[in-house]
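Engineer: Structure provided below as structure tokens; questions to follow.
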Amino acid sequence: MFMQSYIKLYIFANKKIMIKLIVSGRVGADAELKSVGDTTVCSFSIAHTEKVYGATPGEKTIWVGCSVWGERAVKLAQFITKGSFLVVEGSGNVNGYLKNGEAHGILNCRVTSLEFGGKPTGETPAQPSTPPAGKLDLDENDLPF
């Protein structure tokens, strides 16, 4: 399966920067629901794997932490399960940190649009119901549920 990720950088006239991510890949674990103040957050990670060519060919996997906020989080969490293929789009940021003197970073995406793909071949866990088909633009006022 062909997987691709995109990072778009927008610089506005007033020098504010917005990073837009489009990431496709498999969910690493079932989504978790958490409360932040009065808001519910659905958190999950996507593994994006791409081939590496050159002297040492192989594969490189990048993990992207994703979050869906509000009422949508509660409704979508049951469908975001380990192994599901998703394409997410949203605003991105990178959190940097030092570990044993070495710099590391975590790529995060606040999801604004989500599209469901298929499950991996093999054992398929039972889902409460069928996820919505096609791309979901997550506008608070226009929920498909």
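Going through the structure tokens in order, the chains are called A, B, and so on, while each chain numbers its residues from 1 and the ligands are numbered from 1 in the order shown.
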Do a neighbour search on stretch 58-63 of chain A at 9 Å with only C-alpha atoms, toss out local chain neighbours closer than 5 positions, and write the hits as number ranges by chain.
Structural biologist: A: 28, 45-53, 106-108
Engineer: Report as a count of residues only: the residues of stretch 19-135 of chain A with a DSSP assignment of alpha helix (DSSP H), based on the backbone of this structure.
Structural biologist: 7
Engineer: What does the distance between atom CA of A:Phe79 and atom CA of A:Ile22 come to in Å, to one decimal place?
Structural biologist: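 We find that atom CA of A:Phe79 and atom CA of A:Ile22 lie 19.5 Å from each other.
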Engineer: A:Ser43: which residues within 12 Å, counting only C-alpha atoms, same-chain residues fewer than 3 positions away excluded, as a PyMOL selection string?
Structural biologist: chain A and resi 27-36+40+46+64-70+72-74+76-78+80-81+108-111
Engineer: What does the distance between atom CA of A:Ile19 and atom CA of A:Gly83 come to in Å, to one decimal place?
Structural biologist: 26.4 Å
Engineer: Rank A:Gly117, A:Lys99, A:Thr112, A:Ala55 by their smallest atom-to-atom distance to A:Ser24, using only C-alpha atoms, and report the top residue only.
Structural biologist: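 Answer, going by the shortest atom-to-atom distance: A:Gly117.
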Engineer: Given only C-alpha atoms as the basis, pick out the residue of A:Cys42, A:Asn100, A:Arg26, A:Met18 nearest to A:Glu71.
Structural biologist: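 Distance minimum relative to A:Glu71 lands on A:Cys42.
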Engineer: Between atom CA of A:Gly96 and atom CA of A:Lys82, measure the distance and give it in Å to one decimal.
Structural biologist: 26.2 Å
Engineer: Which of these residues is nearest to A:Val87, using only C-alpha atoms: A:Ala103, A:Thr56, A:Val41, A:Leu114?
Structural biologist: A:Leu114
